[in-house]
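Source file entry.cif; content: mmCIF, C-alpha atoms.
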```
data_work
loop_
_atom_site.label_atom_id
_atom_site.label_comp_id
_atom_site.auth_asym_id
_atom_site.auth_seq_id
_atom_site.Cartn_x
_atom_site.Cartn_y
_atom_site.Cartn_z
CA MET A 23 -0.70 10.56 -1.92
CA SER A 24 2.90 11.65 -2.51
CA VAL A 25 2.88 10.55 -6.15
CA ARG A 26 -0.23 12.58 -6.94
CA VAL A 27 1.23 15.58 -5.09
CA MET A 28 4.39 15.47 -7.20
CA LEU A 29 2.50 14.94 -10.46
CA CYS A 30 0.43 18.01 -9.64
CA LEU A 31 3.52 20.07 -8.71
CA SER A 32 5.33 18.90 -11.84
CA LEU A 33 2.69 20.64 -13.96
CA ILE A 34 2.61 23.79 -11.81
CA GLU A 35 6.42 24.17 -11.65
CA ASN A 36 7.32 22.57 -15.03
CA LEU A 37 9.40 19.88 -13.33
CA HIS A 38 11.33 17.28 -15.29
CA SER A 39 10.24 13.78 -14.30
CA ARG A 40 11.87 10.40 -14.76
CA SER A 41 10.92 6.83 -13.96
CA ILE A 42 13.59 4.36 -12.78
CA ASP A 43 13.28 0.59 -12.42
CA PHE A 44 15.90 -1.43 -10.52
CA VAL A 45 16.71 -4.74 -12.24
CA LEU A 46 16.34 -7.74 -9.88
CA ALA A 47 16.34 -5.34 -6.95
CA TYR A 48 16.34 -7.74 -4.00
CA PRO A 49 19.48 -9.71 -5.00
CA GLN A 50 21.34 -6.38 -5.23
CA ALA A 51 21.17 -6.11 -1.44
CA ASP A 52 23.42 -7.95 1.04
CA LEU A 53 22.03 -10.29 3.67
CA ASP A 54 21.88 -9.04 7.23
CA ILE A 55 22.47 -12.53 8.71
CA GLU A 56 24.15 -15.79 7.65
CA MET A 57 21.64 -17.90 5.74
CA TYR A 58 21.54 -21.27 3.96
CA MET A 59 19.15 -22.97 1.58
CA GLU A 60 18.44 -26.51 0.43
CA LEU A 61 19.67 -27.52 -3.01
CA PRO A 62 16.93 -26.62 -5.49
CA LEU A 63 15.25 -29.38 -7.47
CA GLY A 64 16.72 -29.84 -10.93
CA THR A 65 20.30 -29.13 -9.82
CA ASP A 66 22.87 -31.23 -11.72
CA LEU A 67 24.60 -33.40 -9.10
CA PRO A 68 27.49 -35.92 -9.43
CA SER A 69 26.67 -39.61 -9.29
CA GLY A 70 26.14 -40.82 -5.74
CA PHE A 71 25.81 -37.30 -4.37
CA ASP A 72 23.42 -37.13 -1.39
CA ARG A 73 21.29 -33.99 -1.81
CA ARG A 74 20.27 -34.03 1.87
CA ALA A 75 23.88 -33.91 3.07
CA TYR A 76 24.63 -30.43 1.68
CA VAL A 77 23.17 -26.92 1.72
CA LEU A 78 24.03 -23.76 -0.19
CA LYS A 79 25.21 -20.62 1.57
CA LEU A 80 23.56 -17.44 0.27
CA HIS A 81 25.84 -14.53 -0.59
CA LYS A 82 23.06 -12.13 -1.59
CA ASN A 83 19.50 -11.26 -0.67
CA LEU A 84 16.90 -13.47 -2.35
CA TYR A 85 13.25 -13.08 -3.32
CA GLY A 86 11.00 -14.98 -0.93
CA LEU A 87 12.98 -14.31 2.23
CA LYS A 88 11.05 -12.72 5.08
CA GLN A 89 13.45 -9.81 5.33
CA ALA A 90 14.12 -9.46 1.58
CA GLY A 91 12.11 -6.26 1.17
CA HIS A 92 13.65 -4.73 4.29
CA ASN A 93 17.21 -5.56 3.19
CA TRP A 94 16.61 -3.94 -0.19
CA HIS A 95 15.08 -0.82 1.33
CA VAL A 96 18.03 -0.45 3.71
CA LYS A 97 20.50 -0.68 0.81
CA LEU A 98 18.60 1.85 -1.31
CA LYS A 99 18.16 4.19 1.66
CA GLU A 100 21.88 4.07 2.49
CA GLY A 101 22.68 4.83 -1.14
CA LEU A 102 20.36 7.85 -1.11
CA PHE A 103 21.77 9.03 2.23
CA SER A 104 25.30 8.90 0.81
CA LEU A 105 24.15 11.24 -1.98
CA GLY A 106 22.81 13.78 0.52
CA PHE A 107 19.11 12.88 0.47
CA LYS A 108 16.89 13.29 3.51
CA PRO A 109 13.67 11.30 4.12
CA CYS A 110 10.35 12.90 4.99
CA LEU A 111 9.32 12.04 8.55
CA THR A 112 5.65 11.72 7.55
CA ASP A 113 6.25 9.65 4.42
CA PRO A 114 9.59 7.79 4.69
CA CYS A 115 9.47 6.87 0.99
CA VAL A 116 9.87 10.54 -0.01
CA PHE A 117 13.53 11.59 -0.24
CA THR A 118 14.66 15.13 -1.01
CA GLN A 119 17.87 16.88 -1.91
CA LYS A 120 18.36 20.45 -3.12
CA ASP A 121 16.19 20.78 -6.26
CA LEU A 122 15.55 17.03 -6.38
CA VAL A 123 12.70 14.83 -5.10
CA VAL A 124 12.75 11.02 -5.26
CA LEU A 125 9.70 8.84 -4.56
CA VAL A 126 10.40 5.19 -3.78
CA PHE A 127 8.00 2.27 -4.10
CA VAL A 128 9.90 -1.00 -3.54
CA ASP A 129 12.06 -1.18 -6.69
CA ASP A 130 10.44 1.70 -8.61
CA CYS A 131 11.58 5.30 -8.29
CA LEU A 132 10.05 8.51 -9.62
CA VAL A 133 12.44 11.47 -9.83
CA PHE A 134 11.43 15.14 -10.10
CA SER A 135 13.55 18.25 -10.56
CA LYS A 136 13.49 21.66 -12.24
CA ASP A 137 16.89 20.88 -13.79
CA LYS A 138 17.07 17.95 -16.23
CA LYS A 139 20.85 17.72 -15.78
CA LYS A 140 20.40 17.01 -12.07
CA VAL A 141 18.11 14.11 -12.89
CA ASP A 142 20.68 12.68 -15.30
CA LEU A 143 23.44 13.18 -12.73
CA PHE A 144 21.43 11.43 -10.05
CA ILE A 145 20.92 8.36 -12.26
CA ASP A 146 24.65 8.26 -13.06
CA GLN A 147 25.47 8.52 -9.35
CA LEU A 148 23.21 5.55 -8.59
CA ARG A 149 25.04 3.51 -11.21
CA ASP A 150 28.36 4.57 -9.67
CA LYS A 151 27.03 3.16 -6.38
CA ARG A 152 26.71 -0.17 -8.24
CA PHE A 153 22.93 -0.11 -8.50
CA ILE A 154 21.71 -1.95 -11.60
CA LEU A 155 18.78 -0.02 -13.07
CA THR A 156 17.00 0.97 -16.24
CA ASP A 157 16.01 4.51 -17.14
CA GLU A 158 12.36 4.34 -18.21
CA GLY A 159 12.28 7.97 -19.38
CA ASP A 160 9.40 10.36 -18.72
CA ILE A 161 6.69 8.99 -16.41
CA ARG A 162 4.22 7.10 -18.59
CA GLN A 163 3.21 4.39 -16.15
CA TYR A 164 3.56 3.56 -12.47
CA LEU A 165 2.06 0.75 -10.39
CA GLY A 166 -0.25 -0.29 -13.22
CA ILE A 167 -1.51 3.26 -13.82
CA ASP A 168 -1.18 4.84 -17.25
CA VAL A 169 -0.09 8.48 -17.22
CA GLN A 170 -1.24 10.26 -20.38
CA HIS A 171 0.26 13.66 -21.25
CA HIS A 172 -2.26 15.81 -23.12
CA ALA A 173 -1.41 18.67 -25.49
CA ASN A 174 -3.22 21.19 -23.26
CA GLY A 175 -0.69 20.59 -20.47
CA THR A 176 -2.81 18.27 -18.33
CA LEU A 177 -2.24 14.69 -17.19
CA GLU A 178 -4.77 11.88 -17.13
CA LEU A 179 -4.38 8.87 -14.85
CA ARG A 180 -6.13 5.78 -16.22
CA GLN A 181 -6.30 2.03 -15.61
CA PRO A 182 -7.96 0.71 -18.80
CA PHE A 183 -6.46 -2.78 -18.58
CA LEU A 184 -7.72 -3.34 -15.05
CA ILE A 185 -11.21 -2.15 -15.99
CA GLU A 186 -11.17 -4.30 -19.12
CA SER A 187 -10.18 -7.39 -17.12
CA LEU A 188 -12.95 -6.72 -14.58
CA ILE A 189 -15.59 -6.48 -17.30
CA LYS A 190 -14.29 -9.46 -19.25
CA ASP A 191 -14.03 -11.75 -16.21
CA PHE A 192 -17.44 -10.74 -14.88
CA GLU A 193 -19.18 -11.30 -18.20
CA GLU A 194 -17.55 -14.73 -18.48
CA GLU A 195 -18.70 -15.61 -14.96
CA LEU A 196 -22.27 -14.58 -15.73
CA GLY A 197 -22.23 -16.04 -19.24
CA GLY A 198 -23.53 -12.97 -21.02
CA GLU A 199 -22.83 -9.39 -22.03
CA LEU A 200 -23.57 -6.67 -19.50
CA ASN A 201 -25.67 -3.58 -20.15
CA THR A 202 -24.26 -0.21 -19.11
CA CYS A 203 -25.60 2.32 -16.57
CA ARG A 204 -24.91 5.96 -15.67
CA GLU A 205 -24.24 5.69 -11.91
CA PRO A 206 -22.27 3.14 -9.83
CA ALA A 207 -24.86 2.70 -7.06
CA THR A 208 -28.64 2.79 -6.70
CA PRO A 209 -29.84 5.64 -4.46
CA LYS A 210 -31.55 4.60 -1.20
CA GLN A 211 -30.85 0.92 -1.83
CA SER A 212 -30.90 -1.15 1.38
CA MET A 213 -27.74 -3.21 2.00
CA THR A 214 -27.92 -5.64 4.92
CA SER A 215 -26.21 -8.87 5.92
CA GLU A 216 -29.49 -10.74 5.47
CA GLY A 217 -31.41 -11.56 2.30
CA GLU A 218 -31.66 -14.02 -0.55
CA PRO A 219 -28.63 -16.23 -1.20
CA ARG A 220 -26.31 -15.49 -4.12
CA LYS A 221 -27.19 -16.59 -7.62
CA TRP A 222 -23.61 -17.02 -8.88
CA THR A 223 -20.55 -18.78 -7.41
CA TYR A 224 -17.67 -16.57 -8.60
CA SER A 225 -15.10 -15.20 -6.13
CA TYR A 226 -16.80 -12.05 -4.82
CA PRO A 227 -13.74 -10.87 -2.78
CA SER A 228 -11.44 -11.00 -5.83
CA TYR A 229 -13.58 -8.39 -7.60
CA ILE A 230 -13.76 -6.27 -4.46
CA GLY A 231 -9.96 -6.32 -4.19
CA ARG A 232 -9.51 -5.07 -7.75
CA LEU A 233 -12.23 -2.46 -7.35
CA ASN A 234 -10.59 -1.21 -4.15
CA PHE A 235 -7.31 -0.68 -5.98
CA LEU A 236 -9.11 1.03 -8.86
CA SER A 237 -11.17 3.33 -6.63
CA GLY A 238 -8.14 4.29 -4.56
CA SER A 239 -5.92 5.02 -7.56
CA THR A 240 -7.83 6.71 -10.38
CA ARG A 241 -11.59 6.36 -9.89
CA PRO A 242 -12.91 8.23 -6.82
CA ASP A 243 -16.40 8.09 -8.34
CA ILE A 244 -16.78 4.41 -7.36
CA ALA A 245 -15.28 4.76 -3.85
CA TYR A 246 -18.62 4.81 -2.03
CA ALA A 247 -20.17 1.99 -4.04
CA THR A 248 -17.07 -0.19 -3.70
CA HIS A 249 -16.70 0.27 0.05
CA ARG A 250 -20.36 -0.49 0.61
CA CYS A 251 -19.98 -3.81 -1.24
CA ALA A 252 -16.68 -4.59 0.48
CA ARG A 253 -18.36 -4.68 3.89
CA PHE A 254 -20.10 -7.93 2.96
CA SER A 255 -17.17 -9.83 1.39
CA LYS A 256 -17.29 -12.56 4.03
CA ASP A 257 -20.87 -13.64 3.29
CA PRO A 258 -22.26 -11.81 0.23
CA ARG A 259 -25.95 -12.06 -0.57
CA ARG A 260 -28.00 -11.49 -3.71
CA CYS A 261 -28.39 -7.75 -3.00
CA HIS A 262 -24.61 -7.34 -2.67
CA GLU A 263 -24.10 -9.28 -5.88
CA ASP A 264 -26.52 -6.94 -7.67
CA ALA A 265 -24.69 -3.90 -6.26
CA LEU A 266 -21.34 -5.28 -7.46
CA LYS A 267 -22.84 -5.94 -10.88
CA LYS A 268 -23.99 -2.33 -11.11
CA ILE A 269 -20.45 -1.06 -10.45
CA ILE A 270 -19.13 -3.23 -13.29
CA ARG A 271 -21.90 -1.99 -15.60
CA TYR A 272 -21.00 1.60 -14.73
CA LEU A 273 -17.32 0.93 -15.44
CA LYS A 274 -18.23 -0.57 -18.79
CA LYS A 275 -19.87 2.72 -19.78
CA THR A 276 -16.87 4.76 -18.56
CA ALA A 277 -14.06 2.28 -19.27
CA GLU A 278 -11.78 4.80 -21.02
CA LYS A 279 -12.15 7.43 -18.34
CA GLY A 280 -9.72 8.21 -15.54
CA MET A 281 -8.75 11.18 -13.41
CA ILE A 282 -7.54 14.41 -15.01
CA ILE A 283 -4.77 16.38 -13.29
CA SER A 284 -5.26 20.02 -14.29
CA PRO A 285 -3.82 22.30 -11.57
CA ASP A 286 -5.28 25.71 -10.78
CA ARG A 287 -2.72 27.70 -8.78
CA SER A 288 -5.40 29.95 -7.23
CA LYS A 289 -7.02 27.10 -5.26
CA GLY A 290 -4.19 26.01 -2.96
CA LEU A 291 -4.86 23.12 -0.57
CA GLU A 292 -8.51 22.35 0.11
CA CYS A 293 -10.53 19.65 1.81
CA TYR A 294 -14.25 18.96 1.47
CA VAL A 295 -15.71 16.93 4.35
CA ASP A 296 -19.16 15.41 4.73
CA ALA A 297 -20.93 12.72 6.76
CA SER A 298 -24.09 10.70 6.34
CA PHE A 299 -25.76 10.11 9.72
CA CYS A 300 -26.69 6.42 10.27
CA GLU A 301 -26.09 5.86 6.56
CA GLY A 302 -26.75 2.13 6.60
CA TRP A 303 -29.75 2.06 8.93
CA SER A 304 -32.64 -0.02 7.71
CA SER A 305 -35.81 -1.23 9.35
CA ASP A 306 -35.06 -4.64 7.81
CA ALA A 307 -32.09 -5.19 10.13
CA ILE A 308 -32.63 -3.11 13.25
CA VAL A 309 -30.79 -5.65 15.45
CA ASP A 310 -27.48 -5.14 13.62
CA PRO A 311 -25.55 -2.31 15.39
CA THR A 312 -23.23 -1.77 12.41
CA ASN A 313 -26.20 -0.31 10.54
CA CYS A 314 -26.16 2.57 13.02
CA TYR A 315 -22.66 3.71 12.05
CA SER A 316 -22.45 6.98 10.13
CA ARG A 317 -20.33 7.30 6.99
CA THR A 318 -17.41 9.67 6.57
CA GLY A 319 -16.53 11.07 3.16
CA TYR A 320 -13.90 13.62 2.19
CA VAL A 321 -11.68 14.67 -0.67
CA ILE A 322 -8.43 16.63 -0.31
CA ARG A 323 -7.37 18.66 -3.33
CA LEU A 324 -4.14 20.46 -4.17
CA PHE A 325 -4.53 23.24 -6.77
CA GLY A 326 -7.93 21.75 -7.59
CA CYS A 327 -6.53 18.22 -8.19
CA PRO A 328 -7.71 15.30 -6.00
CA ILE A 329 -4.88 13.97 -3.82
CA ILE A 330 -6.71 11.92 -1.17
CA TRP A 331 -10.31 10.72 -1.07
CA VAL A 332 -12.04 8.51 1.48
CA SER A 333 -15.41 6.85 1.93
CA LYS A 334 -15.66 4.73 5.08
CA LEU A 335 -17.83 3.96 8.07
CA GLN A 336 -17.07 5.63 11.36
CA THR A 337 -15.86 3.34 14.11
CA GLU A 338 -18.24 4.56 16.80
CA ILE A 339 -21.98 5.17 16.89
CA THR A 340 -22.71 8.91 16.91
CA LEU A 341 -25.84 10.36 18.47
CA SER A 342 -26.57 13.29 16.17
CA THR A 343 -25.87 14.73 12.75
CA THR A 344 -23.57 17.33 14.31
CA GLU A 345 -21.54 14.66 16.08
CA SER A 346 -21.18 12.55 12.94
CA GLU A 347 -20.06 15.61 10.96
CA TYR A 348 -17.54 16.54 13.64
CA VAL A 349 -16.13 13.01 13.73
CA ALA A 350 -15.80 13.10 9.92
CA LEU A 351 -14.00 16.44 10.21
CA SER A 352 -11.58 14.97 12.74
CA GLN A 353 -10.93 11.90 10.57
CA ALA A 354 -10.15 14.11 7.56
CA MET A 355 -7.61 16.01 9.65
CA ARG A 356 -5.66 12.78 10.13
CA ASP A 357 -4.82 12.95 6.43
CA ILE A 358 -4.58 16.73 6.10
CA ILE A 359 -2.01 17.25 8.87
CA PRO A 360 0.48 14.65 7.50
CA LEU A 361 -0.06 16.06 4.00
CA LEU A 362 0.86 19.53 5.28
CA GLU A 363 4.11 18.05 6.62
CA VAL A 364 4.88 16.37 3.26
CA LEU A 365 4.29 19.64 1.39
CA ASN A 366 6.48 21.60 3.78
CA HIS A 367 9.23 18.99 3.38
CA ILE A 368 9.02 19.17 -0.43
CA GLN A 369 9.02 22.98 -0.34
CA LYS A 370 12.43 22.92 1.34
CA SER A 371 13.78 21.10 -1.71
CA ILE A 372 11.79 22.61 -4.58
CA ASP A 373 10.69 26.22 -4.39
CA VAL A 374 6.95 25.78 -4.90
CA ASP A 375 5.16 29.06 -5.56
CA ILE A 376 2.36 29.05 -2.98
CA ASP A 377 0.89 32.34 -1.77
CA GLN A 378 1.56 31.79 1.94
CA PRO A 379 5.06 31.07 3.27
CA VAL A 380 3.58 28.19 5.30
CA VAL A 381 1.28 25.71 3.60
CA ARG A 382 -2.25 26.17 4.90
CA CYS A 383 -5.44 24.31 4.27
CA THR A 384 -9.05 25.38 3.85
CA VAL A 385 -11.60 22.80 4.96
CA PHE A 386 -15.18 23.02 3.71
CA GLU A 387 -17.87 21.75 6.08
CA ASP A 388 -21.63 21.90 5.48
CA ASN A 389 -22.83 21.45 9.08
CA GLN A 390 -22.95 24.60 11.20
CA GLY A 391 -22.87 22.66 14.49
CA ALA A 392 -19.66 20.82 13.60
CA LEU A 393 -18.19 24.08 12.31
CA GLU A 394 -18.87 25.84 15.61
CA LEU A 395 -17.38 22.98 17.63
CA ALA A 396 -14.16 23.13 15.62
CA ILE A 397 -13.75 26.93 15.62
CA ALA A 398 -15.16 27.95 19.02
CA PRO A 399 -15.31 24.77 21.15
CA LYS A 400 -17.82 24.90 23.98
CA MET A 401 -19.11 22.39 26.48
CA ARG A 402 -22.71 21.42 25.87
CA PRO A 403 -24.78 18.51 27.20
CA ARG A 404 -25.21 17.11 23.68
CA THR A 405 -21.51 17.33 22.69
CA ARG A 406 -19.43 17.05 25.89
CA HIS A 407 -19.30 13.24 25.55
CA ILE A 408 -17.36 13.41 22.27
CA ALA A 409 -14.03 11.64 22.81
CA VAL A 410 -10.87 13.69 23.21
CA LYS A 411 -9.30 11.86 20.24
CA TYR A 412 -11.62 13.77 17.91
CA HIS A 413 -10.38 17.18 19.13
CA HIS A 414 -6.74 16.68 18.07
CA PHE A 415 -6.83 19.22 15.23
CA ARG A 416 -8.05 22.24 17.20
CA GLU A 417 -4.49 23.46 17.80
CA HIS A 418 -3.93 23.68 14.03
CA VAL A 419 -7.13 25.72 13.72
CA GLU A 420 -6.03 28.10 16.48
CA ARG A 421 -2.59 28.57 14.88
CA GLY A 422 -4.18 29.43 11.55
CA LEU A 423 -2.67 26.47 9.69
CA ILE A 424 -6.16 25.11 9.00
CA LYS A 425 -9.15 27.29 8.22
CA ILE A 426 -12.63 25.79 8.43
CA VAL A 427 -15.44 27.50 6.51
CA TYR A 428 -19.03 26.72 5.65
CA VAL A 429 -20.00 25.46 2.22
CA ASP A 430 -23.50 24.99 0.88
CA THR A 431 -24.59 21.36 0.59
CA LYS A 432 -25.11 21.83 -3.16
CA ASN A 433 -21.39 22.59 -3.54
CA GLN A 434 -20.19 19.88 -1.16
CA LEU A 435 -17.85 17.74 -3.28
CA ALA A 436 -17.67 15.07 -0.57
CA ASP A 437 -21.36 14.29 -1.04
CA MET A 438 -20.45 11.63 -3.61
CA PHE A 439 -18.43 9.76 -0.95
CA THR A 440 -21.23 9.49 1.62
CA LYS A 441 -24.24 8.29 -0.34
CA ALA A 442 -25.45 6.92 -3.66
CA LEU A 443 -26.48 9.82 -5.89
CA PRO A 444 -28.72 9.94 -8.97
CA PHE A 445 -26.94 10.83 -12.19
CA THR A 446 -28.18 14.44 -12.17
CA SER A 447 -26.45 15.00 -8.81
CA LEU A 448 -23.42 12.78 -9.46
CA GLN A 449 -22.41 14.24 -12.82
CA PRO A 450 -21.52 17.83 -11.72
CA LEU A 451 -19.57 16.53 -8.71
CA ARG A 452 -17.75 13.99 -10.85
CA GLU A 453 -16.85 16.68 -13.35
CA THR A 454 -15.39 18.87 -10.61
CA VAL A 455 -13.42 16.09 -8.94
CA LEU A 456 -12.35 13.92 -11.89
CA GLY A 457 -12.52 16.45 -14.72
CA TRP A 458 -15.09 14.69 -16.95
#
```
Using structure tokens, write down the structure that the file contains.
Amino acid sequence: MSVRVMLCLSLIENLHSRSIDFVLAYPQADLDIEMYMELPLGTDLPSGFDRRAYVLKLHKNLYGLKQAGHNWHVKLKEGLFSLGFKPCLTDPCVFTQKDLVVLVFVDDCLVFSKDKKKVDLFIDQLRDKRFILTDEGDIRQYLGIDVQHHANGTLELRQPFLIESLIKDFEEELGGELNTCREPATPKQSMTSEGEPRKWTYSYPSYIGRLNFLSGSTRPDIAYATHRCARFSKDPRRCHEDALKKIIRYLKKTAEKGMIISPDRSKGLECYVDASFCEGWSSDAIVDPTNCYSRTGYVIRLFGCPIIWVSKLQTEITLSTTESEYVALSQAMRDIIPLLEVLNHIQKSIDVDIDQPVVRCTVFEDNQGALELAIAPKMRPRTRHIAVKYHHFREHVERGLIKIVYVDTKNQLADMFTKALPFTSLQPLRETVLGW
């Protein structure tokens, strides 16, 4: 979330960006306790030396230790604190100083500032603190994601190597070349835990894991299809295998595509929320209660750029369309409210030109019942049973920090996260969300 926010702001505010990689990060940190290790195999020992009679005392943190990551994070955090940085309470890996924002992911750092000299000074200060690092220059890649800078001032986030490996491995498993298709999931396809056994013996969960990373990083268009397949990773059947195959076929047709970051300052912070009531219900498996769960889908955009997107089943059975929509609205707020805090924290460091002095959010909902419950809550026999935990965001609505408005179902961007759509319906939504 924070990385996409800063990439979006970097285009809006013309920020200088830099990528930093710490060399052998963990051994740069001190140990928090006294620790010993056995002599490693292959060590040159004197004649008659009993390996079992001696141990080595560690002077530095080492990869493989349980607390290795924690020790490194403590060292890096103390170094940033000594330079005047403050962490964000909502996202503790976001550190800010006057005119400088640093994002930390283990041993990778992304630095943003309006002043290039401050970025250079920050890197020199880290070296003065005896951090060993390499300056990777402008952000071209992070966490396996390629960042392409286009001449028209936009960014494109892509993962071509991951997609290529998925296609290559799958075709080798099946022993043939795959055809392509225009959509990642078949509309109205029944997916149950019963059915014909699988035809192939490849590792189904390994593909789901890679698809989850892909859908959560640069390809929101496969989020629904991937999550639907992921539900059956423990015991996949032939129908799940066919659904997984269709996702790979779709990726083969769109292998070079990613997500385009093209900010529009007039749009501010927006969230589109939708729900599909009893999305997985099927007469073929009426005894399975999980088929009665509704599906939540939403996408949060900053200046028209997707920041967070979700497609997941709700954790409780809802009794009406209005209730499922309201639950989806509440679940979206659990991402919106922390995001508001991150933006406010960043604004204190970098003067972001947003119309309102306080960051606000507009949420688009296409169910009038859920909209009325959120704006003017009333007790009714059909809605009074809704758990208190789903009403947590009402205070933000009353204070004006969050505005909830109606949007026509045809313009509901979250529709692609709640159900499988035909190409004619998917394409305009994909173009709005991903830019292609």
| task | Could you tell me which residues the PyMOL selection byres ((chain A and resi 35-47) around 7) grabs in this file, written as a PyMOL selection string? | result | chain A and resi 31-34+48-50+94+129-138+154-161+374
| request: Do a neighbour search on His92 of chain A at 12 Å with only C-alpha atoms, toss out local chain neighbours closer than 5 positions, and write the hits as a ChimeraX atom specification. | output: /A:47-48,51-54,83-87,97-99,128-129
| Shell around segment 442-444 of chain A at 7 Å using only C-alpha atoms, local window under 2 positions removed, as a PyMOL selection string | chain A and resi 205+207-210+438+446-448
| Computed interatomic separation between atom CA of Arg241 of chain A and atom CA of Lys221 of chain A (Å) |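 Atom CA of Lys221 of chain A lies at a distance of 27.8 Å from atom CA of Arg241 of chain A.
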| request: Apply the PyMOL selection byres ((chain A and resi 232) around 12) to the structure shown and report the selected residues as a PyMOL selection string. | output: chain A and resi 166+181+183-189+191+225-231+233-239+241+244+248-249+252+266+269-270
